[in-house]
$ cat my_file_11.cif   # mmCIF, C-alpha atoms
data_upload
loop_
_atom_site.label_atom_id
_atom_site.label_comp_id
_atom_site.auth_asym_id
_atom_site.auth_seq_id
_atom_site.Cartn_x
_atom_site.Cartn_y
_atom_site.Cartn_z
CA MET A 1 25.07 -96.81 18.60
CA GLN A 2 24.92 -96.10 14.86
CA LEU A 3 21.44 -95.28 13.59
CA TYR A 4 22.28 -93.62 10.27
CA ASN A 5 24.53 -94.23 7.29
CA LYS A 6 27.92 -92.54 7.71
CA LEU A 7 29.62 -93.39 4.42
CA SER A 8 29.28 -91.57 1.11
CA ALA A 9 28.17 -93.44 -1.99
CA GLN A 10 31.71 -93.27 -3.34
CA GLU A 11 33.20 -94.72 -0.15
CA ARG A 12 30.64 -97.52 -0.11
CA ALA A 13 31.26 -98.30 -3.79
CA GLN A 14 34.96 -98.71 -3.07
CA LEU A 15 34.25 -101.03 -0.14
CA LEU A 16 32.03 -103.16 -2.38
CA ASP A 17 34.76 -103.35 -5.00
CA ASP A 18 37.29 -104.35 -2.35
CA ALA A 19 34.97 -107.00 -0.89
CA GLY A 20 34.37 -108.61 -4.29
CA GLU A 21 31.32 -110.46 -2.96
CA ASP A 22 28.12 -111.34 -4.79
CA ARG A 23 25.05 -109.49 -3.57
CA LEU A 24 21.36 -110.21 -4.06
CA THR A 25 19.00 -107.39 -4.98
CA LEU A 26 15.50 -107.91 -3.62
CA SER A 27 12.36 -106.19 -2.46
CA PHE A 28 9.42 -106.91 -0.20
CA TYR A 29 6.49 -105.15 1.39
CA GLN A 30 3.88 -105.83 4.00
CA TYR A 31 0.84 -103.88 5.08
CA ALA A 32 0.53 -104.15 8.86
CA LYS A 33 -0.34 -101.94 11.81
CA ILE A 34 2.93 -100.63 13.29
CA GLY A 35 2.36 -98.72 16.51
CA ASN A 36 5.76 -97.02 16.78
CA PRO A 37 7.36 -96.71 13.32
CA GLU A 38 10.37 -94.76 14.65
CA LEU A 39 11.28 -97.50 17.14
CA PHE A 40 10.80 -100.18 14.49
CA ARG A 41 12.91 -98.15 12.06
CA ASN A 42 15.81 -98.00 14.52
CA HIS A 43 15.56 -101.72 15.21
CA LEU A 44 15.82 -102.46 11.48
CA PHE A 45 18.75 -100.13 10.91
CA ILE A 46 20.85 -101.56 13.76
CA ALA A 47 20.26 -105.15 12.65
CA TRP A 48 20.65 -104.56 8.91
CA ASP A 49 23.74 -102.41 9.25
CA GLN A 50 25.43 -105.37 10.96
CA LEU A 51 24.29 -107.66 8.12
CA GLU A 52 25.76 -105.24 5.53
CA VAL A 53 22.35 -104.61 4.03
CA LEU A 54 22.09 -101.63 1.68
CA GLY A 55 18.93 -100.12 0.28
CA ARG A 56 15.95 -97.82 0.63
CA ILE A 57 13.33 -98.81 3.18
CA TYR A 58 10.17 -96.94 4.19
CA VAL A 59 8.32 -97.62 7.44
CA ALA A 60 4.91 -96.21 8.40
CA ASN A 61 1.94 -96.97 10.60
CA GLU A 62 0.51 -98.93 7.68
CA GLY A 63 3.52 -101.22 7.12
CA ILE A 64 6.91 -101.50 5.43
CA ASN A 65 8.20 -101.13 1.86
CA ALA A 66 11.78 -102.31 1.29
CA GLN A 67 14.10 -102.36 -1.71
CA LEU A 68 17.58 -103.51 -0.83
CA SER A 69 20.62 -105.65 -1.47
CA VAL A 70 22.26 -108.15 0.86
CA PRO A 71 25.49 -110.17 0.61
CA ALA A 72 24.57 -113.53 -0.94
CA THR A 73 26.40 -115.36 1.85
CA ARG A 74 24.25 -113.62 4.48
CA PHE A 75 20.87 -114.11 2.84
CA ASN A 76 19.81 -116.85 5.28
CA GLU A 77 20.71 -114.63 8.23
CA PHE A 78 18.64 -111.87 6.70
CA LYS A 79 15.70 -114.20 6.07
CA ASN A 80 15.86 -115.54 9.64
CA PHE A 81 15.76 -112.00 10.96
CA LEU A 82 12.59 -111.26 8.97
CA ASP A 83 10.97 -114.49 10.13
CA GLY A 84 11.57 -113.38 13.71
CA ILE A 85 9.19 -110.43 13.20
CA TYR A 86 5.61 -111.68 13.54
CA PHE A 87 4.11 -109.78 10.60
CA LEU A 88 7.09 -110.49 8.32
CA GLU A 89 7.37 -114.22 8.88
CA GLY A 90 7.25 -115.89 5.48
CA VAL A 91 6.88 -112.57 3.65
CA ARG A 92 7.36 -112.84 -0.12
CA LEU A 93 10.83 -111.72 -1.19
CA ASN A 94 10.98 -110.57 -4.80
CA ILE A 95 14.53 -111.42 -5.82
CA ALA A 96 15.78 -109.52 -8.87
CA ILE A 97 16.31 -111.28 -12.18
CA GLU A 98 19.48 -109.29 -12.85
CA HIS A 99 21.86 -108.62 -9.96
CA ASP A 100 24.29 -105.75 -9.52
CA THR A 101 26.63 -105.44 -6.56
CA LYS A 102 26.05 -101.69 -6.65
CA SER A 103 22.27 -101.58 -7.03
CA PHE A 104 22.27 -99.69 -3.72
CA LEU A 105 25.16 -97.81 -2.12
CA LYS A 106 23.67 -96.72 1.20
CA LEU A 107 21.35 -98.05 3.87
CA LYS A 108 18.44 -95.65 4.26
CA VAL A 109 15.57 -96.54 6.57
CA LYS A 110 13.02 -93.72 6.74
CA VAL A 111 9.75 -93.16 8.57
CA ARG A 112 6.99 -91.96 6.28
CA ASP A 113 3.31 -91.13 6.69
CA LYS A 114 2.52 -94.00 4.30
CA ILE A 115 4.58 -96.65 2.52
CA VAL A 116 2.75 -95.82 -0.71
CA ALA A 117 1.72 -92.18 -1.06
CA ASP A 118 -1.95 -92.16 -2.05
CA GLY A 119 -3.27 -88.74 -1.00
CA LEU A 120 -6.26 -90.42 0.63
CA ASN A 121 -7.82 -89.22 3.88
CA ASP A 122 -10.66 -91.72 4.11
CA GLU A 123 -10.66 -93.36 7.56
CA THR A 124 -13.21 -95.95 6.39
CA PHE A 125 -10.78 -97.34 3.81
CA ASP A 126 -9.06 -100.50 5.07
CA VAL A 127 -5.93 -101.33 3.08
CA THR A 128 -5.92 -104.91 4.37
CA GLN A 129 -9.22 -105.71 2.58
CA LYS A 130 -7.34 -106.54 -0.61
CA GLY A 131 -8.35 -108.18 -3.85
CA ILE A 132 -7.58 -111.73 -4.99
CA HIS A 133 -3.91 -112.57 -5.60
CA VAL A 134 -3.23 -114.59 -8.75
CA ASP A 135 -0.11 -116.36 -9.99
CA ALA A 136 1.32 -116.12 -13.52
CA GLN A 137 -0.83 -118.94 -14.96
CA LYS A 138 -4.10 -117.60 -13.53
CA PHE A 139 -3.08 -114.08 -14.57
CA ASN A 140 -2.55 -115.22 -18.17
CA ASP A 141 -5.94 -116.95 -18.13
CA LEU A 142 -7.68 -113.88 -16.74
CA ILE A 143 -6.22 -111.39 -19.19
CA SER A 144 -7.21 -113.68 -22.08
CA ASP A 145 -10.83 -113.33 -20.98
CA PRO A 146 -12.68 -110.64 -23.01
CA ASN A 147 -14.54 -109.77 -19.82
CA THR A 148 -11.30 -108.55 -18.19
CA VAL A 149 -9.85 -105.05 -18.02
CA LEU A 150 -6.10 -105.14 -17.39
CA VAL A 151 -4.64 -102.01 -15.77
CA ASP A 152 -1.01 -100.99 -15.24
CA MET A 153 -0.82 -99.30 -11.83
CA ARG A 154 2.61 -97.77 -12.50
CA ASN A 155 3.54 -94.31 -13.78
CA HIS A 156 3.98 -93.27 -17.41
CA TYR A 157 7.78 -93.47 -17.46
CA GLU A 158 7.62 -97.07 -16.19
CA SER A 159 5.04 -98.41 -18.63
CA GLU A 160 6.71 -96.54 -21.49
CA ILE A 161 9.60 -99.02 -21.62
CA GLY A 162 7.61 -102.17 -20.86
CA HIS A 163 4.07 -103.39 -20.16
CA PHE A 164 1.69 -106.28 -20.64
CA LYS A 165 0.06 -106.62 -24.04
CA GLY A 166 -3.36 -105.00 -24.11
CA ALA A 167 -2.97 -103.24 -20.76
CA VAL A 168 -4.47 -99.84 -19.99
CA THR A 169 -1.44 -97.65 -19.19
CA PRO A 170 -2.62 -94.39 -17.59
CA ASP A 171 -0.56 -91.33 -18.54
CA VAL A 172 0.09 -90.33 -14.92
CA ASP A 173 3.00 -89.04 -12.85
CA THR A 174 1.93 -90.54 -9.53
CA PHE A 175 0.05 -93.52 -8.12
CA ARG A 176 -2.54 -91.17 -6.60
CA ASP A 177 -3.34 -89.72 -10.04
CA SER A 178 -4.25 -93.14 -11.40
CA LEU A 179 -6.78 -94.05 -8.69
CA ASP A 180 -9.48 -91.54 -9.68
CA ILE A 181 -8.83 -91.86 -13.43
CA ILE A 182 -9.31 -95.63 -13.43
CA GLU A 183 -12.38 -95.45 -11.21
CA GLU A 184 -13.99 -92.89 -13.52
CA ASP A 185 -13.14 -94.83 -16.69
CA LEU A 186 -14.50 -98.11 -15.33
CA LYS A 187 -17.40 -96.89 -13.19
CA GLU A 188 -19.97 -98.56 -15.46
CA HIS A 189 -18.32 -101.95 -15.02
CA LYS A 190 -18.00 -102.30 -11.25
CA GLU A 191 -20.03 -105.51 -11.26
CA ASP A 192 -19.70 -107.04 -14.74
CA LYS A 193 -15.95 -106.86 -15.48
CA ASN A 194 -12.84 -108.43 -13.99
CA LEU A 195 -10.50 -105.66 -12.85
CA VAL A 196 -6.97 -107.09 -13.02
CA MET A 197 -4.01 -104.98 -11.95
CA TYR A 198 -0.24 -105.26 -11.91
CA CYS A 199 2.78 -103.22 -10.87
CA THR A 200 6.50 -103.79 -10.26
CA GLY A 201 6.40 -105.96 -7.14
CA GLY A 202 2.79 -105.84 -5.98
CA ILE A 203 2.71 -103.10 -3.36
CA ARG A 204 0.79 -100.51 -5.36
CA CYS A 205 -1.69 -103.11 -6.66
CA GLU A 206 -2.38 -104.32 -3.14
CA LYS A 207 -3.43 -100.86 -2.01
CA ALA A 208 -5.29 -100.21 -5.27
CA SER A 209 -7.18 -103.51 -5.05
CA ALA A 210 -8.37 -102.65 -1.54
CA TYR A 211 -9.30 -99.16 -2.71
CA TYR A 212 -11.40 -100.36 -5.64
CA LYS A 213 -13.15 -102.96 -3.50
CA HIS A 214 -13.91 -100.08 -1.09
CA LYS A 215 -15.36 -98.19 -4.07
CA GLY A 216 -17.69 -101.02 -5.00
CA PHE A 217 -15.83 -103.08 -7.60
CA LYS A 218 -16.83 -106.73 -7.20
CA ASN A 219 -14.22 -108.73 -9.14
CA VAL A 220 -10.79 -107.36 -8.24
CA PHE A 221 -7.55 -109.24 -8.88
CA GLN A 222 -3.85 -108.43 -8.63
CA LEU A 223 -0.73 -110.10 -9.98
CA GLU A 224 1.01 -111.61 -6.94
CA GLY A 225 4.63 -110.49 -6.71
CA GLY A 226 4.17 -108.12 -9.64
CA ILE A 227 6.18 -108.20 -12.85
CA ILE A 228 9.26 -109.44 -10.98
CA GLU A 229 7.63 -112.67 -9.77
CA TYR A 230 5.66 -113.11 -13.00
CA SER A 231 8.87 -113.17 -15.02
CA ARG A 232 10.36 -115.78 -12.71
CA GLN A 233 7.29 -118.03 -12.90
CA VAL A 234 7.05 -117.70 -16.67
CA GLU A 235 10.62 -118.88 -17.06
CA ASN A 236 10.44 -121.67 -14.47
CA LEU A 237 7.09 -123.05 -15.65
CA GLN A 238 7.63 -122.39 -19.37
CA LEU A 239 4.49 -120.25 -19.65
CA GLU A 240 3.65 -117.79 -22.39
CA ASN A 241 5.24 -114.44 -21.55
CA LYS A 242 2.69 -111.68 -22.14
CA PHE A 243 4.97 -108.88 -20.95
CA ILE A 244 6.99 -106.95 -23.53
CA GLY A 245 10.07 -104.81 -22.99
CA LYS A 246 11.78 -103.86 -19.74
CA ASN A 247 10.61 -103.67 -16.14
CA PHE A 248 11.54 -100.31 -14.59
CA VAL A 249 13.17 -100.70 -11.16
CA PHE A 250 13.98 -98.10 -8.51
CA ASP A 251 17.68 -98.65 -8.00
CA HIS A 252 20.89 -97.89 -9.87
CA ARG A 253 20.05 -100.47 -12.56
CA ARG A 254 16.87 -98.57 -13.52
CA ALA A 255 15.47 -101.55 -15.45
CA GLU A 256 15.51 -105.31 -15.92
CA LYS A 257 15.17 -106.74 -19.42
CA ILE A 258 12.18 -109.08 -19.63
CA THR A 259 12.11 -109.47 -23.42
CA ASP A 260 14.28 -108.17 -26.26
CA ASP A 261 11.47 -105.90 -27.51
CA VAL A 262 12.33 -102.18 -27.51
CA ILE A 263 8.97 -100.42 -27.35
CA ALA A 264 10.11 -96.91 -26.38
CA LYS A 265 12.09 -94.25 -28.22
CA CYS A 266 14.82 -91.76 -27.47
CA HIS A 267 13.19 -88.58 -26.21
CA GLN A 268 15.65 -86.47 -28.19
CA CYS A 269 15.84 -88.06 -31.66
CA GLY A 270 12.99 -90.57 -31.78
CA GLU A 271 15.11 -93.64 -32.48
CA ALA A 272 14.19 -96.93 -30.80
CA CYS A 273 15.65 -96.85 -27.29
CA ASP A 274 14.59 -97.81 -23.76
CA THR A 275 17.54 -96.63 -21.66
CA HIS A 276 16.66 -94.21 -18.87
CA VAL A 277 19.33 -91.73 -17.78
CA ASN A 278 19.49 -88.66 -15.56
CA CYS A 279 20.56 -85.34 -17.05
CA ASP A 280 24.20 -84.72 -16.09
CA ASN A 281 23.43 -81.14 -15.08
CA GLU A 282 22.96 -81.57 -11.32
CA ALA A 283 20.64 -78.57 -11.21
CA CYS A 284 18.28 -80.46 -13.54
CA HIS A 285 18.76 -84.23 -13.07
CA LEU A 286 15.73 -84.96 -15.28
CA LEU A 287 15.05 -88.65 -15.85
CA PHE A 288 14.52 -89.32 -19.54
CA ILE A 289 15.27 -91.80 -22.33
CA GLN A 290 18.45 -91.13 -24.31
CA CYS A 291 20.24 -93.19 -26.95
CA THR A 292 24.04 -93.47 -27.09
CA SER A 293 24.25 -91.17 -30.11
CA CYS A 294 22.35 -88.37 -28.38
CA ALA A 295 24.27 -88.96 -25.15
CA GLU A 296 27.50 -88.30 -27.03
CA LYS A 297 26.10 -85.33 -28.90
CA MET A 298 24.49 -83.74 -25.81
CA ASP A 299 27.19 -84.65 -23.25
CA ASN A 300 24.61 -86.73 -21.35
CA CYS A 301 22.31 -83.73 -20.93
CA CYS A 302 18.63 -83.22 -21.75
CA SER A 303 18.97 -79.81 -23.43
CA GLN A 304 21.42 -77.35 -24.93
CA GLU A 305 20.99 -75.13 -21.87
CA CYS A 306 21.93 -77.97 -19.52
CA LYS A 307 24.83 -78.92 -21.78
CA GLU A 308 26.23 -75.40 -21.51
CA VAL A 309 25.83 -75.33 -17.73
CA ASN A 310 27.41 -78.76 -17.41
CA ALA A 311 30.48 -77.56 -19.33
CA LEU A 312 31.21 -74.87 -16.73
CA PRO A 313 33.80 -75.47 -14.00
CA HIS A 314 32.39 -77.44 -11.06
CA GLU A 315 32.70 -74.53 -8.62
CA GLU A 316 30.87 -72.22 -11.02
CA GLN A 317 28.04 -74.76 -11.32
CA LYS A 318 27.78 -74.94 -7.52
CA ALA A 319 27.61 -71.14 -7.34
CA LEU A 320 24.75 -71.09 -9.86
CA ARG A 321 22.82 -73.65 -7.78
CA LYS A 322 23.43 -71.95 -4.45
CA GLY A 323 20.27 -70.91 -2.67
CA LYS A 324 17.98 -72.58 -5.21
CA HIS A 325 15.62 -75.46 -4.64
CA ASN A 326 15.89 -78.63 -6.70
CA SER A 327 14.42 -78.25 -10.16
CA ASN A 328 10.85 -79.53 -10.37
CA LYS A 329 12.04 -81.54 -13.35
CA ILE A 330 13.41 -84.22 -11.03
CA PHE A 331 9.81 -85.09 -10.16
CA LYS A 332 8.48 -84.98 -13.71
CA LYS A 333 10.50 -87.90 -15.09
CA GLY A 334 10.44 -87.59 -18.85
CA ARG A 335 8.19 -84.55 -19.10
CA SER A 336 9.97 -81.47 -20.40
CA GLU A 337 9.33 -79.06 -23.24
CA VAL A 338 12.89 -79.63 -24.47
CA LEU A 339 12.23 -83.30 -25.22
CA LYS A 340 10.81 -83.56 -28.73
CA PHE A 341 9.84 -87.22 -28.57
CA LYS A 342 8.50 -87.60 -25.04
CA ILE A 343 5.28 -89.57 -24.68
#

$ encode --input "my_file_11.cif" --output "structure tokens"
Amino acid sequence: MQLYNKLSAQERAQLLDDAGEDRLTLSFYQYAKIGNPELFRNHLFIAWDQLEVLGRIYVANEGINAQLSVPATRFNEFKNFLDGIYFLEGVRLNIAIEHDTKSFLKLKVKVRDKIVADGLNDETFDVTQKGIHVDAQKFNDLISDPNTVLVDMRNHYESEIGHFKGAVTPDVDTFRDSLDIIEEDLKEHKEDKNLVMYCTGGIRCEKASAYYKHKGFKNVFQLEGGIIEYSRQVENLQLENKFIGKNFVFDHRRAEKITDDVIAKCHQCGEACDTHVNCDNEACHLLFIQCTSCAEKMDNCCSQECKEVNALPHEEQKALRKGKHNSNKIFKKGRSEVLKFKI
């Protein structure tokens, strides 16, 4: 019985090309008490491998967080499978605005301590005691209220390329970093302000809303379905779109264009640009923003040093990496002393 992916990304990409089928990219999450995450993980892998699902899925005692793609022709089968799981019946599926048959190239279902890393060890905190979910219309009304504080619960490299107008965008590397910063900044307004939060698809806001209610905030709201669902509702209902730029996504696409506004800049030359890339030097792999001109000039690398390493024969590069851990840069995402125009 197969419980793990056995194909390389290259092999899977070729199979997708050969199949020539449309695929839907989607995501969902659900906080729930899962007694045996490992058993549940295996159940998901066996079923989804047969449905040709690809993606990155995390399972923990606190629930499930899934980002994946499924053949369009098998979407109903996939949905029926979810509905057969009691805590996933009717779960919101955030279907991507822009689809790519190669948004994911492997099926990875992993057991984690938590589906959203928060660094919290407070047993009195109940993640299911969430704030009020609001749709796009109510969200627009709330953020027009001068008594509202709108907070982006994503990381700096996400909000850099796109965010809601007037939002507080914490300069943080992780979700955990933002929790204490926001609480400290707003501690005087726990009872007299509306705290409205948003993120990509809703999962971080859901945990954050429960956390801030636990910390004494009285009026806590979150954008249901995140930026992904907001964009869909705005288009379908012809509402005013208060988001500008791109929505960062965690698959091979890296972003979905919400508006034509380019609010970021190339980290190397400072020209308007909002295209994230990874440094071609595999020993670095830094995620940063690079325009086409700098990509050509720097051979898709973040620095002269990486450019020189990347020009070496492949075997020589492997020898240089041997015995070394991954560069910490892969976790910094846009923070490096070599980038002159980083945020």

$ closest_residue --input "my_file_11.cif" --among "A:Ala32, A:Val262, A:Ile143, A:Met298" --to "Gln222 of chain A" --atoms "all atoms listed in the file"
A:Ile143

$ closest_residue --input "my_file_11.cif" --among "A:Val134, A:Leu26, A:Met197, A:Cys301" --to "Asn278 of chain A" --atoms "only C-alpha atoms"
A:Cys301

$ closest_residue --input "my_file_11.cif" --among "A:Gln268, A:Gln233, A:Thr200, A:Asn281" --to "Ser293 of chain A" --atoms "only C-alpha atoms"
A:Gln268

$ resolve_selection --input "my_file_11.cif" --expression "the PyMOL selection byres ((chain A and resi 117) around 12)" --output "PyMOL selection string"
chain A and resi 58+60+62+65+112-116+118-121+174-179+203-204+207-208

$ atom_distance --input "my_file_11.cif" --atom1 "atom CA of Ile228 of chain A" --atom2 "atom CA of Ile258 of chain A"
9.1 Å

$ resolve_selection --input "my_file_11.cif" --expression "the PyMOL selection byres ((chain A and resi 272) around 12)" --output "NGL selection string"
:A and (160-161 or 245 or 261-271 or 273-275 or 289-293 or 341)

$ decode --input "my_file_11.cif" --residues "segment 38-58 of chain A" --atoms "N, CA, C and O atoms" --output "short mmCIF file (atom, residue, chain, number, x, y, z; two decimals), in the first residue's frame"
data_model
loop_
_atom_site.label_atom_id
_atom_site.label_comp_id
_atom_site.auth_asym_id
_atom_site.auth_seq_id
_atom_site.Cartn_x
_atom_site.Cartn_y
_atom_site.Cartn_z
N GLU A 38 -1.73 10.70 12.67
CA GLU A 38 -0.98 9.81 11.77
C GLU A 38 -1.94 8.89 11.00
O GLU A 38 -1.79 8.70 9.78
N LEU A 39 -2.91 8.33 11.68
CA LEU A 39 -3.89 7.47 11.03
C LEU A 39 -4.72 8.26 10.03
O LEU A 39 -4.97 7.79 8.91
N PHE A 40 -5.13 9.46 10.41
CA PHE A 40 -5.91 10.31 9.52
C PHE A 40 -5.08 10.71 8.31
O PHE A 40 -5.57 10.71 7.17
N ARG A 41 -3.80 10.98 8.54
CA ARG A 41 -2.89 11.34 7.45
C ARG A 41 -2.82 10.22 6.41
O ARG A 41 -2.88 10.44 5.20
N ASN A 42 -2.66 8.99 6.88
CA ASN A 42 -2.56 7.85 5.96
C ASN A 42 -3.86 7.64 5.18
O ASN A 42 -3.85 7.33 3.99
N HIS A 43 -4.97 7.82 5.85
CA HIS A 43 -6.28 7.71 5.19
C HIS A 43 -6.39 8.72 4.05
O HIS A 43 -6.85 8.38 2.94
N LEU A 44 -5.97 9.97 4.31
CA LEU A 44 -6.03 11.00 3.28
C LEU A 44 -5.12 10.66 2.11
O LEU A 44 -5.51 10.79 0.94
N PHE A 45 -3.90 10.24 2.40
CA PHE A 45 -2.95 9.97 1.32
C PHE A 45 -3.47 8.87 0.40
O PHE A 45 -3.41 9.01 -0.83
N ILE A 46 -3.94 7.78 0.96
CA ILE A 46 -4.41 6.66 0.15
C ILE A 46 -5.56 7.10 -0.76
O ILE A 46 -5.56 6.82 -1.97
N ALA A 47 -6.51 7.83 -0.20
CA ALA A 47 -7.67 8.26 -0.98
C ALA A 47 -7.29 9.30 -2.03
O ALA A 47 -7.71 9.22 -3.20
N TRP A 48 -6.47 10.27 -1.65
CA TRP A 48 -6.14 11.36 -2.57
C TRP A 48 -5.15 10.94 -3.64
O TRP A 48 -5.16 11.48 -4.75
N ASP A 49 -4.30 9.99 -3.34
CA ASP A 49 -3.40 9.48 -4.37
C ASP A 49 -4.21 8.84 -5.50
O ASP A 49 -3.89 9.00 -6.68
N GLN A 50 -5.27 8.14 -5.14
CA GLN A 50 -6.13 7.51 -6.15
C GLN A 50 -6.92 8.54 -6.96
O GLN A 50 -7.26 8.30 -8.12
N LEU A 51 -7.18 9.70 -6.35
CA LEU A 51 -7.91 10.77 -7.04
C LEU A 51 -6.97 11.70 -7.80
O LEU A 51 -7.41 12.69 -8.36
N GLU A 52 -5.67 11.39 -7.80
CA GLU A 52 -4.65 12.18 -8.49
C GLU A 52 -4.53 13.60 -7.92
O GLU A 52 -4.23 14.55 -8.63
N VAL A 53 -4.77 13.71 -6.63
CA VAL A 53 -4.60 14.97 -5.94
C VAL A 53 -3.11 15.23 -5.73
O VAL A 53 -2.35 14.31 -5.40
N LEU A 54 -2.69 16.46 -5.90
CA LEU A 54 -1.32 16.88 -5.63
C LEU A 54 -1.38 18.08 -4.68
O LEU A 54 -2.32 18.87 -4.74
N GLY A 55 -0.38 18.21 -3.82
CA GLY A 55 -0.40 19.37 -2.96
C GLY A 55 0.38 19.17 -1.68
O GLY A 55 1.11 18.20 -1.50
N ARG A 56 0.19 20.14 -0.77
CA ARG A 56 0.89 20.15 0.51
C ARG A 56 -0.16 20.25 1.60
O ARG A 56 -0.88 21.26 1.68
N ILE A 57 -0.26 19.22 2.42
CA ILE A 57 -1.31 19.13 3.42
C ILE A 57 -0.68 18.87 4.79
O ILE A 57 0.17 17.99 4.92
N TYR A 58 -1.10 19.63 5.79
CA TYR A 58 -0.62 19.44 7.15
C TYR A 58 -1.78 18.98 8.03
O TYR A 58 -2.88 19.54 7.97
#
